[in-house]
>>> print(open('structure-v9.csv').read())   # CSV, N, CA and C atoms
chain,number,residue,atom,x,y,z
A,27,MET,N,115.8,99.7,104.3
A,27,MET,CA,116.0,100.4,105.6
A,27,MET,C,116.5,99.4,106.7
A,28,VAL,N,116.0,98.2,106.7
A,28,VAL,CA,116.5,97.2,107.7
A,28,VAL,C,118.0,97.0,107.5
A,29,LYS,N,118.4,96.9,106.3
A,29,LYS,CA,119.8,96.6,106.1
A,29,LYS,C,120.7,97.8,106.5
A,30,TRP,N,120.2,99.0,106.3
A,30,TRP,CA,121.0,100.2,106.7
A,30,TRP,C,121.1,100.2,108.3
A,31,PHE,N,120.0,99.9,109.0
A,31,PHE,CA,120.1,99.9,110.4
A,31,PHE,C,121.1,98.7,110.9
A,32,ALA,N,121.0,97.6,110.2
A,32,ALA,CA,121.9,96.5,110.6
A,32,ALA,C,123.3,96.8,110.3
A,33,GLU,N,123.6,97.5,109.2
A,33,GLU,CA,124.9,98.0,108.9
A,33,GLU,C,125.4,98.9,109.9
A,34,GLN,N,124.6,99.8,110.4
A,34,GLN,CA,125.0,100.8,111.5
A,34,GLN,C,125.3,100.0,112.7
A,35,ALA,N,124.5,99.1,113.1
A,35,ALA,CA,124.8,98.3,114.3
A,35,ALA,C,126.1,97.5,114.1
A,36,ALA,N,126.3,96.9,113.0
A,36,ALA,CA,127.5,96.2,112.7
A,36,ALA,C,128.8,97.1,112.8
A,37,SER,N,128.6,98.3,112.3
A,37,SER,CA,129.8,99.2,112.3
A,37,SER,C,130.2,99.6,113.7
A,38,VAL,N,129.4,99.5,114.7
A,38,VAL,CA,129.7,99.8,116.0
A,38,VAL,C,129.8,98.6,116.9
A,39,GLY,N,129.8,97.4,116.3
A,39,GLY,CA,130.0,96.2,117.0
A,39,GLY,C,128.8,95.7,117.8
A,40,LYS,N,127.6,96.1,117.4
A,40,LYS,CA,126.4,95.8,118.2
A,40,LYS,C,125.6,94.6,117.6
A,41,LEU,N,126.1,94.0,116.5
A,41,LEU,CA,125.4,92.8,116.0
A,41,LEU,C,126.1,91.6,116.7
A,42,PRO,N,125.2,90.6,117.1
A,42,PRO,CA,125.8,89.4,117.8
A,42,PRO,C,126.8,88.7,116.8
A,43,LYS,N,127.8,88.0,117.4
A,43,LYS,CA,128.8,87.3,116.6
A,43,LYS,C,128.2,86.4,115.6
A,44,GLY,N,128.6,86.5,114.4
A,44,GLY,CA,128.2,85.6,113.3
A,44,GLY,C,126.9,86.1,112.6
A,45,LEU,N,126.4,87.2,113.1
A,45,LEU,CA,125.2,87.8,112.4
A,45,LEU,C,125.6,88.9,111.5
A,46,THR,N,125.2,88.9,110.3
A,46,THR,CA,125.6,89.9,109.3
A,46,THR,C,124.4,90.7,109.0
A,47,PRO,N,124.6,91.9,108.4
A,47,PRO,CA,123.5,92.7,108.0
A,47,PRO,C,122.5,92.0,107.0
A,48,GLU,N,123.1,91.2,106.1
A,48,GLU,CA,122.3,90.4,105.2
A,48,GLU,C,121.5,89.4,105.9
A,49,LYS,N,122.0,88.8,106.9
A,49,LYS,CA,121.2,87.8,107.7
A,49,LYS,C,120.1,88.5,108.4
A,50,VAL,N,120.4,89.7,109.0
A,50,VAL,CA,119.3,90.4,109.6
A,50,VAL,C,118.2,90.7,108.7
A,51,VAL,N,118.5,91.1,107.5
A,51,VAL,CA,117.5,91.4,106.4
A,51,VAL,C,116.7,90.1,106.2
A,52,GLU,N,117.3,89.0,106.1
A,52,GLU,CA,116.7,87.7,105.8
A,52,GLU,C,115.7,87.3,107.0
A,53,ILE,N,116.2,87.5,108.2
A,53,ILE,CA,115.4,87.2,109.4
A,53,ILE,C,114.1,88.1,109.4
A,54,VAL,N,114.3,89.4,109.2
A,54,VAL,CA,113.2,90.3,109.2
A,54,VAL,C,112.2,90.0,108.1
A,55,LYS,N,112.7,89.6,107.0
A,55,LYS,CA,111.8,89.3,105.8
A,55,LYS,C,111.0,88.0,106.2
A,56,GLU,N,111.6,87.0,106.8
A,56,GLU,CA,110.9,85.8,107.2
A,56,GLU,C,109.9,86.1,108.2
A,57,LEU,N,110.2,86.9,109.2
A,57,LEU,CA,109.2,87.2,110.3
A,57,LEU,C,108.1,88.1,109.7
A,58,ARG,N,108.4,89.0,108.8
A,58,ARG,CA,107.3,89.8,108.2
A,58,ARG,C,106.3,88.9,107.5
A,59,GLU,N,106.9,88.0,106.7
A,59,GLU,CA,106.0,87.1,105.9
A,59,GLU,C,105.2,86.1,106.8
A,60,LYS,N,105.8,85.7,108.0
A,60,LYS,CA,105.1,84.8,108.9
A,60,LYS,C,104.0,85.5,109.7
A,61,TYR,N,104.2,86.8,110.1
A,61,TYR,CA,103.3,87.4,111.0
A,61,TYR,C,102.4,88.5,110.4
A,62,ILE,N,102.8,89.0,109.3
A,62,ILE,CA,102.0,90.2,108.7
A,62,ILE,C,101.3,89.7,107.4
A,63,SER,N,100.0,89.8,107.4
A,63,SER,CA,99.2,89.3,106.3
A,63,SER,C,99.3,90.2,105.1
A,64,GLU,N,99.0,89.6,103.9
A,64,GLU,CA,99.0,90.4,102.7
A,64,GLU,C,98.0,91.6,102.8
A,65,GLU,N,96.9,91.3,103.5
A,65,GLU,CA,95.9,92.4,103.7
A,65,GLU,C,96.5,93.6,104.5
A,66,ALA,N,97.3,93.2,105.5
A,66,ALA,CA,97.9,94.3,106.3
A,66,ALA,C,98.9,95.1,105.5
A,67,TRP,N,99.7,94.4,104.6
A,67,TRP,CA,100.6,95.1,103.8
A,67,TRP,C,99.8,96.0,102.8
A,68,LYS,N,98.7,95.5,102.3
A,68,LYS,CA,97.9,96.3,101.4
A,68,LYS,C,97.4,97.6,102.1
A,69,ILE,N,97.0,97.5,103.3
A,69,ILE,CA,96.5,98.7,104.1
A,69,ILE,C,97.7,99.6,104.3
A,70,VAL,N,98.9,99.1,104.6
A,70,VAL,CA,100.1,100.0,104.8
A,70,VAL,C,100.4,100.7,103.5
A,71,LYS,N,100.3,100.1,102.4
A,71,LYS,CA,100.6,100.7,101.1
A,71,LYS,C,99.6,101.8,100.8
A,72,GLU,N,98.3,101.5,101.1
A,72,GLU,CA,97.3,102.5,100.9
A,72,GLU,C,97.5,103.8,101.8
A,73,LEU,N,97.8,103.5,103.0
A,73,LEU,CA,98.1,104.6,103.9
A,73,LEU,C,99.3,105.4,103.5
A,74,GLU,N,100.4,104.7,103.0
A,74,GLU,CA,101.6,105.4,102.5
A,74,GLU,C,101.2,106.3,101.4
A,75,GLN,N,100.4,105.8,100.4
A,75,GLN,CA,100.0,106.7,99.3
A,75,GLN,C,99.2,107.9,99.7
A,76,LYS,N,98.3,107.7,100.7
A,76,LYS,CA,97.5,108.8,101.2
A,76,LYS,C,98.4,109.9,101.8
A,77,ILE,N,99.5,109.5,102.5
A,77,ILE,CA,100.4,110.4,103.2
A,77,ILE,C,101.2,111.1,102.1
A,78,ILE,N,101.7,110.4,101.1
A,78,ILE,CA,102.5,110.9,100.1
A,78,ILE,C,101.8,111.9,99.2
A,79,SER,N,100.5,111.6,99.0
A,79,SER,CA,99.7,112.5,98.1
A,79,SER,C,99.2,113.7,98.9
A,80,GLY,N,99.3,113.7,100.2
A,80,GLY,CA,98.8,114.8,101.0
A,80,GLY,C,97.4,114.7,101.4
A,81,GLU,N,96.7,113.5,101.1
A,81,GLU,CA,95.4,113.3,101.5
A,81,GLU,C,95.3,113.2,103.1
A,82,ILE,N,96.3,112.6,103.7
A,82,ILE,CA,96.5,112.6,105.1
A,82,ILE,C,97.7,113.4,105.5
A,83,LYS,N,97.5,114.4,106.4
A,83,LYS,CA,98.5,115.3,106.8
A,83,LYS,C,98.6,115.2,108.4
A,84,PHE,N,99.8,115.3,108.9
A,84,PHE,CA,100.1,115.2,110.3
A,84,PHE,C,100.4,116.6,110.8
A,85,LYS,N,100.0,116.9,112.1
A,85,LYS,CA,100.4,118.1,112.7
A,85,LYS,C,101.9,118.1,113.0
A,86,ASN,N,102.5,119.3,113.0
A,86,ASN,CA,103.9,119.5,113.3
A,86,ASN,C,103.9,120.4,114.5
A,87,PRO,N,103.9,119.9,115.7
A,87,PRO,CA,103.8,120.8,116.9
A,87,PRO,C,105.1,121.7,117.0
A,88,SER,N,104.8,122.9,117.3
A,88,SER,CA,105.9,123.9,117.4
A,88,SER,C,106.4,124.1,118.8
A,89,THR,N,105.7,123.5,119.8
A,89,THR,CA,106.1,123.6,121.2
A,89,THR,C,106.0,122.2,121.8
A,90,HIS,N,106.7,122.1,122.9
A,90,HIS,CA,106.7,120.9,123.7
A,90,HIS,C,105.3,120.6,124.2
A,91,ASP,N,104.6,121.7,124.6
A,91,ASP,CA,103.2,121.6,125.1
A,91,ASP,C,102.3,121.0,124.1
A,92,GLU,N,102.4,121.5,122.9
A,92,GLU,CA,101.6,121.0,121.8
A,92,GLU,C,101.8,119.5,121.5
A,93,TYR,N,103.1,119.2,121.6
A,93,TYR,CA,103.5,117.8,121.4
A,93,TYR,C,102.9,116.9,122.5
A,94,THR,N,103.0,117.4,123.7
A,94,THR,CA,102.5,116.6,124.9
A,94,THR,C,100.9,116.5,124.8
A,95,GLN,N,100.2,117.5,124.3
A,95,GLN,CA,98.8,117.4,124.2
A,95,GLN,C,98.4,116.4,123.1
A,96,ILE,N,99.1,116.3,122.1
A,96,ILE,CA,98.9,115.3,121.0
A,96,ILE,C,99.1,113.9,121.6
A,97,ILE,N,100.2,113.7,122.3
A,97,ILE,CA,100.5,112.4,122.9
A,97,ILE,C,99.4,112.0,123.9
A,98,GLU,N,99.0,112.9,124.7
A,98,GLU,CA,98.0,112.6,125.7
A,98,GLU,C,96.7,112.2,125.0
A,99,GLN,N,96.3,112.9,124.0
A,99,GLN,CA,95.1,112.6,123.2
A,99,GLN,C,95.2,111.2,122.6
A,100,LEU,N,96.3,110.9,122.0
A,100,LEU,CA,96.6,109.6,121.3
A,100,LEU,C,96.5,108.5,122.4
A,101,GLU,N,97.0,108.7,123.6
A,101,GLU,CA,97.0,107.7,124.6
A,101,GLU,C,95.5,107.5,125.1
A,102,LYS,N,94.7,108.5,125.0
A,102,LYS,CA,93.3,108.3,125.3
A,102,LYS,C,92.5,107.7,124.2
A,103,GLY,N,93.1,107.4,123.1
A,103,GLY,CA,92.4,106.7,122.0
A,103,GLY,C,91.9,107.6,120.9
A,104,ASN,N,92.2,108.9,121.0
A,104,ASN,CA,91.9,109.9,119.9
A,104,ASN,C,92.9,109.7,118.8
A,105,LEU,N,92.6,108.9,117.9
A,105,LEU,CA,93.6,108.6,116.8
A,105,LEU,C,93.7,109.7,115.8
A,106,GLU,N,92.8,110.7,115.9
A,106,GLU,CA,92.9,111.8,115.0
A,106,GLU,C,93.6,113.0,115.6
A,107,ALA,N,94.1,112.9,116.8
A,107,ALA,CA,94.8,114.0,117.5
A,107,ALA,C,96.0,114.5,116.8
A,108,ALA,N,96.7,113.7,116.0
A,108,ALA,CA,97.9,114.1,115.3
A,108,ALA,C,97.7,114.5,113.9
A,109,LEU,N,96.4,114.5,113.5
A,109,LEU,CA,96.1,114.8,112.1
A,109,LEU,C,95.7,116.3,111.9
A,110,VAL,N,96.0,116.8,110.8
A,110,VAL,CA,95.6,118.2,110.4
A,110,VAL,C,94.2,118.0,109.9
A,111,ALA,N,93.2,118.8,110.4
A,111,ALA,CA,91.8,118.7,109.9
A,111,ALA,C,91.7,119.1,108.5
A,112,SER,N,91.0,118.3,107.7
A,112,SER,CA,90.8,118.7,106.3
A,112,SER,C,89.5,119.5,106.1
>>> encode(input="structure-v9.csv", output="structure tokens")
Amino acid sequence: MVKWFAEQAASVGKLPKGLTPEKVVEIVKELREKYISEEAWKIVKELEQKIISGEIKFKNPSTHDEYTQIIEQLEKGNLEAALVAS
């Protein structure tokens, strides 16, 4: 995914001179390894599997008001505001 975004940036001339999509991928990989622990990646993978399996489902607001309500609740710390109740 990182490479795709870097390729898009390169195609419209938005990458700094001398920076290639491959170099962007390398830099992102290095930063991820430096700052994100293995435990954090494990949690991300577990969350990903729960979303894929349908164990965790997100609301799909049909109006802007519903969207705004969800955002307001999330900003107040209600981390379940965007989840479909099981």
>>> residues_near_point(input="structure-v9.csv", point="(118.4, 96.9, 108.2)", cutoff="8 Å", atoms="all atoms listed in the file", output="ChimeraX atom specification")
/A:27-34,47-48,50-51
>>> atom_distance(input="structure-v9.csv", atom1="CA of Ala36 (chain A)", atom2="CA of Arg58 (chain A)")
21.7 Å
>>> closest_residue(input="structure-v9.csv", among="A:Lys83, A:Ile77, A:Tyr93, A:Ile69", to="Ser112 (chain A)", atoms="only N, CA and C atoms")
A:Lys83
>>> atom_distance(input="structure-v9.csv", atom1="CA of Lys76 (chain A)", atom2="CA of Asp91 (chain A)")
27.7 Å
>>> closest_residue(input="structure-v9.csv", among="A:Ile62, A:Ala35, A:Phe84, A:Ile53", to="Leu105 (chain A)", atoms="only C-alpha atoms")
A:Phe84
>>> select_by_dssp(input="structure-v9.csv", residues="chain A", states="alpha helix (DSSP H)", output="PyMOL selection string")
chain A and resi 28-37+47-61+64-79+90-101
>>> atom_distance(input="structure-v9.csv", atom1="CA of Ala107 (chain A)", atom2="CA of Tyr61 (chain A)")
28.7 Å
